[in-house]
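Structure file structure.txt with compact mmCIF, C-alpha atoms:
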```txt
# COMPACT_ATOMS: atom_id res chain seq x y z
CA MET A 1367 44.04 5.30 17.37
CA ASN A 1368 47.43 4.05 18.50
CA LEU A 1369 48.02 0.79 16.62
CA ASP A 1370 51.12 -0.06 18.60
CA GLU A 1371 49.09 -0.15 21.82
CA LEU A 1372 46.28 -2.29 20.39
CA VAL A 1373 46.42 -6.03 20.87
CA ALA A 1374 43.70 -6.70 18.29
CA ILE A 1375 41.07 -5.21 15.96
CA ASP A 1376 37.68 -6.86 16.16
CA PHE A 1377 36.21 -6.54 12.67
CA HIS A 1378 32.66 -7.58 13.58
CA THR A 1379 30.65 -6.01 16.40
CA HIS A 1380 26.98 -5.03 16.52
CA ALA A 1381 25.22 -1.96 17.86
CA GLU A 1382 21.88 -3.50 18.79
CA VAL A 1383 20.26 -0.80 20.88
CA SER A 1384 19.72 2.89 20.21
CA ALA A 1385 20.29 5.62 22.77
CA LYS A 1386 16.51 6.03 22.63
CA GLY A 1387 16.05 2.37 23.56
CA GLY A 1388 15.02 0.92 20.19
CA SER A 1389 16.44 -2.45 19.11
CA SER A 1390 17.59 -3.40 15.60
CA LEU A 1391 15.69 -6.72 15.82
CA SER A 1392 12.08 -7.62 16.53
CA ALA A 1393 11.34 -9.11 19.94
CA GLU A 1394 11.00 -12.60 18.41
CA LEU A 1395 14.31 -12.47 16.53
CA ASP A 1396 16.11 -10.82 19.44
CA SER A 1397 14.91 -13.49 21.87
CA ALA A 1398 15.88 -16.32 19.50
CA ALA A 1399 19.37 -14.86 18.97
CA GLY A 1400 19.95 -14.48 22.70
CA ALA A 1401 18.95 -18.10 23.33
CA TYR A 1402 21.07 -19.38 20.42
CA PHE A 1403 24.27 -17.60 21.46
CA LYS A 1404 23.63 -17.76 25.23
CA ALA A 1405 24.98 -14.22 25.41
CA GLU A 1406 25.18 -12.70 28.88
CA HIS A 1407 25.11 -8.99 28.01
CA ARG A 1408 22.96 -8.75 24.91
CA HIS A 1409 22.30 -5.03 24.62
CA PRO A 1410 25.35 -2.91 25.45
CA THR A 1411 25.06 0.76 24.59
CA LEU A 1412 27.63 2.36 22.32
CA PRO A 1413 29.51 3.94 25.28
CA GLU A 1414 29.54 0.50 26.92
CA ILE A 1415 30.95 -1.04 23.73
CA ALA A 1416 33.69 1.58 23.67
CA ALA A 1417 34.55 0.95 27.33
CA HIS A 1418 34.51 -2.84 26.81
CA TYR A 1419 37.10 -2.67 24.04
CA ARG A 1420 39.19 0.09 25.60
CA GLU A 1421 39.58 -2.02 28.72
CA ARG A 1422 40.93 -4.86 26.54
CA LYS A 1423 43.21 -2.59 24.47
CA MET A 1424 41.31 -3.46 21.30
CA ALA A 1425 39.60 -1.51 18.56
CA CYS A 1426 36.32 -2.60 17.01
CA VAL A 1427 34.38 -2.17 13.79
CA VAL A 1428 30.80 -1.35 14.83
CA PHE A 1429 27.65 -1.41 12.68
CA THR A 1430 23.94 -2.04 12.64
CA VAL A 1431 21.82 -3.96 10.10
CA ASP A 1432 19.11 -2.03 8.27
CA ALA A 1433 16.50 -4.61 7.31
CA GLU A 1434 13.50 -2.36 7.80
CA SER A 1435 11.93 -3.18 4.42
CA ALA A 1436 11.99 -6.92 5.15
CA THR A 1437 11.24 -6.94 8.88
CA GLY A 1438 9.46 -3.66 9.58
CA THR A 1439 11.90 -2.90 12.41
CA PRO A 1440 13.94 0.32 12.08
CA PRO A 1441 17.69 -0.06 12.65
CA VAL A 1442 19.84 1.63 15.22
CA PRO A 1443 20.56 4.96 13.49
CA ASN A 1444 23.85 4.87 11.61
CA GLU A 1445 24.49 8.42 12.77
CA GLU A 1446 24.58 7.28 16.40
CA ILE A 1447 27.35 4.82 15.60
CA ALA A 1448 29.28 7.39 13.59
CA GLU A 1449 28.96 9.96 16.38
CA ALA A 1450 30.11 7.37 18.93
CA ALA A 1451 33.16 6.77 16.76
CA LEU A 1452 33.90 10.51 16.71
CA GLU A 1453 33.64 10.51 20.51
CA ASN A 1454 35.76 7.34 20.88
CA PRO A 1455 38.23 7.44 17.96
CA ASP A 1456 40.75 5.37 19.90
CA VAL A 1457 38.53 2.27 19.83
CA ILE A 1458 35.49 2.55 17.50
CA ILE A 1459 35.73 2.26 13.70
CA PRO A 1460 32.35 3.20 12.16
CA PHE A 1461 30.56 1.04 9.62
CA ALA A 1462 26.87 1.39 8.70
CA GLY A 1463 23.90 -0.70 7.68
CA VAL A 1464 21.96 0.15 4.51
CA ASP A 1465 18.74 -1.41 3.22
CA PRO A 1466 19.06 -2.46 -0.46
CA TYR A 1467 15.31 -2.04 -0.92
CA LYS A 1468 15.58 1.70 -0.17
CA GLY A 1469 17.20 2.35 -3.55
CA LYS A 1470 18.18 5.94 -4.24
CA ALA A 1471 17.62 6.90 -0.62
CA ALA A 1472 20.19 4.27 0.42
CA VAL A 1473 22.64 5.56 -2.20
CA ARG A 1474 22.29 9.09 -0.84
CA GLN A 1475 22.77 7.72 2.66
CA ILE A 1476 26.02 6.00 1.67
CA HIS A 1477 27.48 9.18 0.18
CA ARG A 1478 26.42 11.26 3.20
CA LEU A 1479 27.70 8.82 5.82
CA VAL A 1480 31.12 8.62 4.15
CA SER A 1481 31.51 12.33 3.40
CA GLU A 1482 30.04 13.76 6.61
CA PHE A 1483 30.85 11.08 9.18
CA GLY A 1484 33.86 9.20 7.81
CA VAL A 1485 32.09 5.82 7.75
CA LYS A 1486 34.54 3.17 6.52
CA GLY A 1487 32.21 0.41 5.32
CA PHE A 1488 28.70 -0.99 5.00
CA LYS A 1489 27.16 -4.15 6.40
CA PHE A 1490 24.70 -6.33 4.50
CA HIS A 1491 22.84 -9.29 5.98
CA PRO A 1492 21.20 -10.96 2.98
CA SER A 1493 19.19 -13.48 5.02
CA ILE A 1494 17.60 -10.86 7.25
CA GLN A 1495 17.29 -8.32 4.44
CA ALA A 1496 15.80 -11.00 2.15
CA PHE A 1497 17.82 -10.32 -0.98
CA HIS A 1498 20.44 -12.07 -3.07
CA PRO A 1499 23.64 -9.99 -3.07
CA ASN A 1500 23.90 -10.34 -6.85
CA ASP A 1501 20.40 -8.90 -7.36
CA ARG A 1502 20.85 -5.92 -9.69
CA MET A 1503 18.58 -3.96 -7.38
CA ALA A 1504 21.56 -3.57 -5.04
CA TYR A 1505 24.11 -2.59 -7.68
CA PRO A 1506 23.62 1.19 -7.34
CA LEU A 1507 24.54 0.80 -3.65
CA TYR A 1508 27.71 -1.08 -4.56
CA GLU A 1509 28.59 1.59 -7.12
CA ALA A 1510 28.32 4.21 -4.38
CA ILE A 1511 30.42 2.14 -1.97
CA GLU A 1512 33.07 1.50 -4.61
CA ASP A 1513 33.17 5.19 -5.61
CA ALA A 1514 33.59 6.15 -1.96
CA GLY A 1515 36.46 3.72 -1.46
CA ALA A 1516 34.53 2.01 1.33
CA ILE A 1517 34.24 -1.68 2.27
CA ALA A 1518 31.22 -3.97 1.81
CA LEU A 1519 30.76 -6.57 4.56
CA PHE A 1520 28.37 -9.43 3.79
CA HIS A 1521 26.96 -11.94 6.24
CA THR A 1522 27.47 -15.43 4.80
CA GLY A 1523 26.31 -18.89 5.83
CA GLN A 1524 23.85 -19.94 8.50
CA THR A 1525 22.67 -17.31 10.96
CA GLY A 1526 21.79 -17.46 14.64
CA ILE A 1527 19.15 -14.79 14.01
CA GLY A 1528 15.81 -16.59 14.09
CA ALA A 1529 17.40 -19.94 14.94
CA GLY A 1530 14.97 -21.98 17.03
CA ALA A 1531 12.00 -19.67 16.41
CA PRO A 1532 9.03 -21.13 14.49
CA GLY A 1533 10.06 -21.25 10.84
CA GLY A 1534 13.37 -19.69 11.79
CA GLY A 1535 11.53 -16.40 12.27
CA GLY A 1536 10.92 -16.36 8.52
CA ILE A 1537 14.66 -15.95 7.84
CA ARG A 1538 15.80 -17.79 4.70
CA LEU A 1539 19.36 -19.11 4.62
CA LYS A 1540 19.55 -19.34 0.81
CA TYR A 1541 20.34 -15.64 0.49
CA SER A 1542 23.70 -15.97 2.24
CA ASN A 1543 25.57 -18.31 -0.08
CA PRO A 1544 28.96 -16.63 -0.70
CA MET A 1545 28.78 -17.60 -4.38
CA ASP A 1546 26.26 -14.76 -4.80
CA VAL A 1547 28.97 -12.41 -3.56
CA ASP A 1548 31.37 -13.82 -6.16
CA ASP A 1549 29.23 -12.14 -8.81
CA VAL A 1550 29.46 -8.87 -6.91
CA ALA A 1551 33.24 -9.19 -6.62
CA ALA A 1552 33.52 -9.83 -10.37
CA ASP A 1553 31.32 -6.86 -11.24
CA PHE A 1554 32.90 -4.45 -8.74
CA PRO A 1555 36.64 -5.24 -8.76
CA GLY A 1556 37.44 -1.94 -7.05
CA MET A 1557 35.22 -2.61 -4.04
CA ARG A 1558 36.82 -4.37 -1.11
CA ILE A 1559 34.58 -7.12 0.26
CA VAL A 1560 34.56 -9.07 3.52
CA LEU A 1561 32.73 -12.39 3.81
CA ALA A 1562 31.57 -12.53 7.41
CA HIS A 1563 31.77 -15.73 9.45
CA PRO A 1564 32.76 -19.32 8.76
CA SER A 1565 30.27 -19.83 5.92
CA PHE A 1566 28.58 -23.09 6.97
CA PRO A 1567 27.39 -24.96 4.90
CA TRP A 1568 29.31 -23.15 2.14
CA GLN A 1569 32.80 -22.96 3.65
CA ASP A 1570 34.56 -24.26 0.55
CA GLU A 1571 32.71 -21.75 -1.61
CA ALA A 1572 33.86 -18.88 0.61
CA LEU A 1573 37.47 -20.07 0.47
CA ALA A 1574 37.25 -20.35 -3.31
CA VAL A 1575 35.89 -16.81 -3.68
CA ALA A 1576 38.49 -15.29 -1.34
CA THR A 1577 41.31 -17.16 -3.08
CA HIS A 1578 40.12 -16.21 -6.57
CA LYS A 1579 39.12 -12.57 -6.03
CA PRO A 1580 41.99 -10.43 -4.71
CA GLN A 1581 39.72 -7.88 -3.02
CA VAL A 1582 37.73 -10.44 -1.01
CA TYR A 1583 38.55 -11.13 2.66
CA ILE A 1584 37.04 -13.39 5.34
CA ASP A 1585 36.26 -12.48 8.93
CA LEU A 1586 36.12 -15.24 11.54
CA SER A 1587 33.25 -13.95 13.66
CA GLY A 1588 30.18 -15.66 15.02
CA TRP A 1589 31.82 -19.00 15.86
CA SER A 1590 34.11 -20.11 18.61
CA PRO A 1591 37.42 -20.92 16.88
CA LYS A 1592 37.35 -24.42 18.35
CA TYR A 1593 34.50 -25.18 15.93
CA PHE A 1594 36.21 -23.81 12.81
CA PRO A 1595 36.23 -26.24 9.85
CA PRO A 1596 39.73 -27.64 9.34
CA GLN A 1597 39.97 -26.31 5.79
CA LEU A 1598 39.35 -22.78 7.07
CA VAL A 1599 42.24 -23.09 9.52
CA LYS A 1600 44.44 -24.56 6.76
CA TYR A 1601 43.75 -21.67 4.36
CA ALA A 1602 44.10 -19.07 7.11
CA ASN A 1603 47.55 -20.49 7.80
CA SER A 1604 48.62 -20.43 4.17
CA LEU A 1605 47.00 -19.00 1.02
CA LEU A 1606 44.72 -16.58 2.86
CA GLN A 1607 47.01 -15.57 5.73
CA ASP A 1608 46.90 -11.93 4.59
CA LYS A 1609 43.12 -11.91 4.04
CA VAL A 1610 41.65 -13.39 7.22
CA LEU A 1611 40.40 -11.12 10.01
CA PHE A 1612 39.60 -11.52 13.69
CA GLY A 1613 35.95 -10.83 14.44
CA SER A 1614 33.92 -11.84 17.47
CA ASP A 1615 30.25 -10.96 16.69
CA TYR A 1616 29.98 -9.11 20.02
CA PRO A 1617 27.66 -8.98 21.91
CA MET A 1618 26.57 -12.40 20.58
CA LEU A 1619 30.05 -13.82 21.20
CA SER A 1620 32.53 -12.06 23.45
CA PRO A 1621 36.04 -11.23 22.26
CA ASP A 1622 37.35 -12.82 25.47
CA ARG A 1623 35.88 -16.22 24.63
CA TRP A 1624 36.91 -15.97 20.96
CA LEU A 1625 40.52 -15.13 21.81
CA ALA A 1626 40.75 -17.83 24.49
CA ASP A 1627 39.61 -20.47 22.00
CA PHE A 1628 41.77 -19.02 19.20
CA ALA A 1629 44.82 -19.55 21.40
CA GLY A 1630 44.23 -23.29 21.08
CA LEU A 1631 44.22 -23.36 17.28
CA PRO A 1632 47.29 -24.61 15.38
CA VAL A 1633 47.98 -21.20 13.83
CA LYS A 1634 51.55 -20.26 12.91
CA ASP A 1635 53.24 -17.69 15.13
CA SER A 1636 53.89 -15.58 12.03
CA VAL A 1637 50.21 -15.65 11.03
CA ARG A 1638 48.58 -15.04 14.41
CA PRO A 1639 49.34 -11.25 14.57
CA LYS A 1640 48.13 -10.86 10.98
CA ILE A 1641 44.73 -12.32 11.86
CA LEU A 1642 44.40 -10.43 15.13
CA LYS A 1643 45.40 -6.96 13.94
CA GLU A 1644 47.67 -6.47 10.96
CA ASN A 1645 45.32 -7.57 8.18
CA ALA A 1646 42.48 -5.42 9.50
CA ALA A 1647 44.76 -2.40 9.95
CA ALA A 1648 45.89 -2.70 6.33
CA LEU A 1649 42.37 -3.20 4.98
CA LEU A 1650 41.07 -0.19 6.93
CA GLY A 1651 43.92 1.99 5.70
CA LEU A 1652 45.42 2.43 9.15
CA THR A 1653 48.87 1.39 7.87
CA ASP A 1654 50.81 1.78 4.65
CA ARG A 1655 50.88 -1.97 3.95
```

Could I get this file's structure written as structure tokens?
Amino acid sequence: MNLDELVAIDFHTHAEVSAKGGSSLSAELDSAAGAYFKAEHRHPTLPEIAAHYRERKMACVVFTVDAESATGTPPVPNEEIAEAALENPDVIIPFAGVDPYKGKAAVRQIHRLVSEFGVKGFKFHPSIQAFHPNDRMAYPLYEAIEDAGAIALFHTGQTGIGAGAPGGGGIRLKYSNPMDVDDVAADFPGMRIVLAHPSFPWQDEALAVATHKPQVYIDLSGWSPKYFPPQLVKYANSLLQDKVLFGSDYPMLSPDRWLADFAGLPVKDSVRPKILKENAAALLGLTDR
């Protein structure tokens, strides 16, 4: 991966379809998400994701969500993503999804994915997985992630998954309050954590956690920047300028649209390259910073 040639690192992209054709979401949730985001190309394959970002001179963090215990739907295999990263090391940075309800099996999976495949981090979606991040059930997984020196990425705030479906598809928003992750950050000070998305309706809570806990970052995925809360832009420009990361939520939201809208934000010239690439490169260990 040639950092000098990259214009940006997208810290939040989804692998939503397996090479065998399976989707990481049920038909109901998948349909609701597509309608909510009005996404044009909802199910790119991993080679298509690689080509999409290579064409734009960007790298991307790619993962799936393993919520099989809560939804009954198997995820896209983490191994497929890791193998795609090995085949496309210039653009794909592999993360993985682990199901907190799978206990010791999930812990073994974490160790294997890091040691055998070089996976850099693990994605949790508390609302879809139906667990509070500070539930002690998940602590053995965090211990494994911390021991491996990997990153934990937590969905926070409202989700487009299930939005508009009857009963929101059974998805409960309460699980994604970033204050739950504050407990995790306090109990695992050696584990780097990313709070995904503008955390509506808990934006101030997310800013408080990221300001207070030195190992907590925020990615800006899932929303067009023109809808960012003003306090998020203010903190990104100042106190959190070294801890805010570009993320699109592709294929839900394209990096093209995100970057076009980001260009209109009142972000300092000195901060803009940090958000687009430098902060992510440092967090991922791609630089010495």

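Taking atom CA of A:Gly1463 and atom CA of A:Val1431 as the two end points, the separation is 4.6 Å.
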
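For the pair atom CA of A:Asp1370 and atom CA of A:Ala1516, the separation is 24.0 Å.
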
Return the single residue from A:His1378, A:Arg1558, A:Arg1474, A:Lys1423 that is closest to A:Leu1586, with distances computed using all atoms listed in the file.
A:His1378

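Shell of A:Pro1413 at 10 Å, with only C-alpha atoms counted and residues fewer than 2 places along the chain excluded, is Ala1385, Pro1410, Thr1411, Ile1415, Ala1416, Ala1417, His1418, Ile1447, Ala1450, Ala1451, Glu1453, Asn1454 and Ile1458 of chain A.
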
C-alpha atoms of the current selection, written as a CSV table (one decimal), in the coordinates of the input:
```csv
chain,number,residue,atom,x,y,z
A,1385,ALA,CA,20.3,5.6,22.8
A,1410,PRO,CA,25.4,-2.9,25.4
A,1411,THR,CA,25.1,0.8,24.6
A,1415,ILE,CA,31.0,-1.0,23.7
A,1416,ALA,CA,33.7,1.6,23.7
A,1417,ALA,CA,34.6,1.0,27.3
A,1418,HIS,CA,34.5,-2.8,26.8
A,1447,ILE,CA,27.4,4.8,15.6
A,1450,ALA,CA,30.1,7.4,18.9
A,1451,ALA,CA,33.2,6.8,16.8
A,1453,GLU,CA,33.6,10.5,20.5
A,1454,ASN,CA,35.8,7.3,20.9
A,1458,ILE,CA,35.5,2.6,17.5
```

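For the choices A:Glu1421, A:Asp1456, A:Asp1622, A:Asp1608, the atom-to-atom distance to A:Val1637 is smallest for A:Asp1608 when using all atoms listed in the file.
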
Within 10 Å of stretch 1482-1490 of chain A using all atoms listed in the file, minus same-chain residues under 5 positions, as a PyMOL selection string:
chain A and resi 1378+1427-1433+1444-1445+1447-1449+1451-1452+1459-1466+1476-1477+1495+1497+1499+1507-1508+1511+1514-1522+1542+1558-1560+1562+1650-1651

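If you look at atom CA of A:Gln1475 and atom CA of A:Glu1509, they are 12.9 Å away from each other.
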
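Residues with any atom within 12 Å of A:Pro1591, counting all atoms listed in the file and excluding same-chain neighbours fewer than 5 positions away, are A:His1563, A:Pro1564, A:Asp1585, A:Leu1586, A:Pro1596, A:Leu1598, A:Val1599, A:Ala1602, A:Phe1612, A:Gly1613, A:Ser1614, A:Leu1619, A:Pro1621, A:Asp1622, A:Arg1623, A:Trp1624, A:Leu1625, A:Ala1626, A:Asp1627, A:Phe1628, A:Ala1629, A:Gly1630, A:Leu1631, A:Pro1632, A:Val1633.
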
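With all atoms listed in the file as the basis for measurement, A:Ile1584 is the residue among A:Ile1584, A:Val1442, A:Ser1481, A:Met1618 that approaches A:Asn1645 most closely.
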
Long-range neighbours of A:Pro1580 as a PDB file with C-alpha atoms, keeping the file's coordinate frame, 9 Å cut-off, only C-alpha atoms, 5 positions minimum in chain:
```
ATOM      1  CA  PRO A1555      36.640  -5.240  -8.760  1.00  0.00           C
ATOM      2  CA  ARG A1558      36.820  -4.370  -1.110  1.00  0.00           C
ATOM      3  CA  VAL A1575      35.890 -16.810  -3.680  1.00  0.00           C
ATOM      4  CA  LYS A1609      43.120 -11.910   4.040  1.00  0.00           C
TER       5      LYS A1609
END
```

List as a PyMOL selection string the protein and nucleic acid residues near A:Ala1552, meaning an atom at most 10 Å away when only C-alpha atoms are counted, but skip any in the same chain fewer than 6 places from it.
chain A and resi 1575+1578-1579+1581

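Ranking A:Ser1604, A:Gln1524, A:Ser1587, A:Ser1636 by their shortest atom-to-atom distance to A:Ser1565, with only C-alpha atoms included, puts A:Gln1524 first.
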
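Distances here use all atoms listed in the file; by that measure, the residue among A:Ile1494, A:Ala1646, A:Leu1652, A:Leu1605 closest to A:Ser1435 is A:Ile1494.
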
Could you give me the axis-aligned bounding box of stretch 1558-1568 of chain A, with 5 Å of padding per side, as centre plus edge lengths in Å to one decimal, as lines of an AutoDock Vina configuration file?
```
center_x = 32.1
center_y = -14.7
center_z = 4.2
size_x = 19.4
size_y = 30.6
size_z = 20.6
```

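The smallest atom-to-atom distance between A:Gln1607 and any of A:Tyr1583, A:Trp1568, A:Phe1594, A:Trp1589, using all atoms listed in the file, is found for A:Tyr1583.
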